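What follows is a single structure, written as structure tokens, with notes after it.
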Amino acid sequence: QVQLVESGGGSVQAGGSLRLACIASTRIAYSTSCMGWFRRAPGQEREGVAFIDRYATITYTDSVKGRFTISRDNAKNILYLQMNSLKPEDTAMYYCALRSYYFGYCDARALTSAGYWGQGTQVNVSS
């Protein structure tokens, strides 16, 4: 069973930055995986934020384009989410997800249907 552990959450003021990280408990080839970041704000449904596939093709939800950057370090098996120009509406629990050896379209559906998930890290942005 693969466990994903997120870190890097915290409390910042609007306009600030945070970098989230996601590490797998066992050795997984990140380079052949579909990976992504999701978030869930209080009272709202889970939302896909950013995705990166095995070809390093990246997609973002519209609300974070130009502010968030997803990346991965294949050698260290770490997935990152750099979050800049944070807004109060970015406040949420952030989760990483991974689907190993996946060669299809990497999106929320691909990860929700068959992926490993972390326990989440809380991000709070104050105005």
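Identifiers in this document derive from the order of the structure tokens: chains are assigned A, B, ..., residues are numbered from 1 separately in each chain, and ligands are numbered from 1 in order of occurrence.
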
Expected answer as a count of residues only: strand (DSSP E or B) residues in chain A: 60

Contacts of stretch 45-59 of chain A at 12 Å (only C-alpha atoms; same-chain gap of 4+ positions) as an NGL selection string: :A and (29-41 or 63-74 or 79-83 or 90 or 92-112 or 120)

So that I have them on file, write out the residues from the current selection with C-alpha atoms, as an mmCIF file, in the first residue's frame.
```
data_model
loop_
_atom_site.group_PDB
_atom_site.id
_atom_site.type_symbol
_atom_site.label_atom_id
_atom_site.label_comp_id
_atom_site.auth_asym_id
_atom_site.auth_seq_id
_atom_site.Cartn_x
_atom_site.Cartn_y
_atom_site.Cartn_z
ATOM 1 C CA ALA A 29 8.332 5.996 -10.728
ATOM 2 C CA TYR A 30 6.914 9.492 -10.692
ATOM 3 C CA SER A 31 8.012 9.835 -14.293
ATOM 4 C CA THR A 32 5.424 7.284 -15.419
ATOM 5 C CA SER A 33 2.627 8.458 -13.162
ATOM 6 C CA CYS A 34 -0.301 10.791 -13.344
ATOM 7 C CA MET A 35 -0.123 13.113 -10.361
ATOM 8 C CA GLY A 36 -2.161 16.001 -9.126
ATOM 9 C CA TRP A 37 -3.183 18.372 -6.388
ATOM 10 C CA PHE A 38 -6.730 18.764 -5.155
ATOM 11 C CA ARG A 39 -8.296 20.982 -2.529
ATOM 12 C CA ARG A 40 -11.450 21.063 -0.488
ATOM 13 C CA ALA A 41 -12.680 24.216 1.165
ATOM 14 C CA SER A 63 -8.672 30.007 -10.793
ATOM 15 C CA VAL A 64 -4.988 29.238 -10.132
ATOM 16 C CA LYS A 65 -3.478 29.787 -13.570
ATOM 17 C CA GLY A 66 -0.558 32.182 -13.416
ATOM 18 C CA ARG A 67 -0.277 31.831 -9.629
ATOM 19 C CA PHE A 68 0.334 28.134 -8.940
ATOM 20 C CA THR A 69 3.015 25.889 -10.412
ATOM 21 C CA ILE A 70 3.048 22.107 -10.218
ATOM 22 C CA SER A 71 6.342 20.314 -10.624
ATOM 23 C CA ARG A 72 8.038 17.098 -9.646
ATOM 24 C CA ASP A 73 11.503 15.860 -8.841
ATOM 25 C CA ASN A 74 11.671 12.365 -10.276
ATOM 26 C CA LEU A 79 5.668 16.407 -6.135
ATOM 27 C CA TYR A 80 5.455 20.140 -5.504
ATOM 28 C CA LEU A 81 2.851 22.845 -5.704
ATOM 29 C CA GLN A 82 4.274 26.351 -5.590
ATOM 30 C CA MET A 83 1.514 28.749 -4.671
ATOM 31 C CA ASP A 90 -7.418 29.520 -1.742
ATOM 32 C CA ALA A 92 -8.610 24.756 1.869
ATOM 33 C CA MET A 93 -7.216 21.364 2.723
ATOM 34 C CA TYR A 94 -4.848 20.407 -0.071
ATOM 35 C CA TYR A 95 -4.336 16.790 -1.123
ATOM 36 C CA CYS A 96 -1.952 15.138 -3.516
ATOM 37 C CA ALA A 97 -2.887 12.109 -5.559
ATOM 38 C CA LEU A 98 -0.960 9.668 -7.716
ATOM 39 C CA ARG A 99 -1.819 6.971 -10.194
ATOM 40 C CA SER A 100 1.219 4.939 -11.096
ATOM 41 C CA TYR A 101 2.064 3.545 -14.540
ATOM 42 C CA TYR A 102 -0.793 5.473 -16.080
ATOM 43 C CA PHE A 103 -0.633 6.445 -19.719
ATOM 44 C CA GLY A 104 -4.073 7.932 -20.240
ATOM 45 C CA TYR A 105 -5.320 11.492 -19.882
ATOM 46 C CA CYS A 106 -4.270 12.778 -16.502
ATOM 47 C CA ASP A 107 -7.111 14.630 -14.821
ATOM 48 C CA ALA A 108 -9.322 14.570 -11.761
ATOM 49 C CA ARG A 109 -11.299 11.599 -13.035
ATOM 50 C CA ALA A 110 -8.181 9.510 -13.629
ATOM 51 C CA LEU A 111 -6.958 10.096 -10.087
ATOM 52 C CA THR A 112 -10.326 9.850 -8.382
ATOM 53 C CA GLY A 120 -3.886 16.534 3.253
#
```

Between atom CA of A:Cys22 and atom CA of A:Val5 - distance in Å to one decimal: 5.4 Å

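Backbone DSSP over chain A yields alpha helix (DSSP H) at A:Ala108, A:Arg109, A:Ala110, A:Leu111, A:Thr112, A:Ser113.
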
Output file for the residues above (N, CA, C and O atoms, as a tab-separated table (two decimals), in the first residue's frame):
```tsv
chain	number	residue	atom	x	y	z
A	108	ALA	N	-8.70	14.92	-13.03
A	108	ALA	CA	-9.32	14.57	-11.76
A	108	ALA	C	-9.98	13.19	-11.81
A	108	ALA	O	-9.91	12.42	-10.86
A	109	ARG	N	-10.61	12.89	-12.92
A	109	ARG	CA	-11.30	11.60	-13.04
A	109	ARG	C	-10.32	10.44	-12.96
A	109	ARG	O	-10.57	9.43	-12.31
A	110	ALA	N	-9.18	10.58	-13.63
A	110	ALA	CA	-8.18	9.51	-13.63
A	110	ALA	C	-7.68	9.23	-12.22
A	110	ALA	O	-7.46	8.08	-11.84
A	111	LEU	N	-7.50	10.27	-11.44
A	111	LEU	CA	-6.96	10.10	-10.09
A	111	LEU	C	-8.04	9.68	-9.10
A	111	LEU	O	-7.79	8.91	-8.18
A	112	THR	N	-9.24	10.19	-9.29
A	112	THR	CA	-10.33	9.85	-8.38
A	112	THR	C	-10.73	8.38	-8.53
A	112	THR	O	-11.05	7.72	-7.55
A	113	SER	N	-10.66	7.87	-9.74
A	113	SER	CA	-11.12	6.50	-9.99
A	113	SER	C	-10.13	5.45	-9.52
A	113	SER	O	-10.53	4.35	-9.13
```
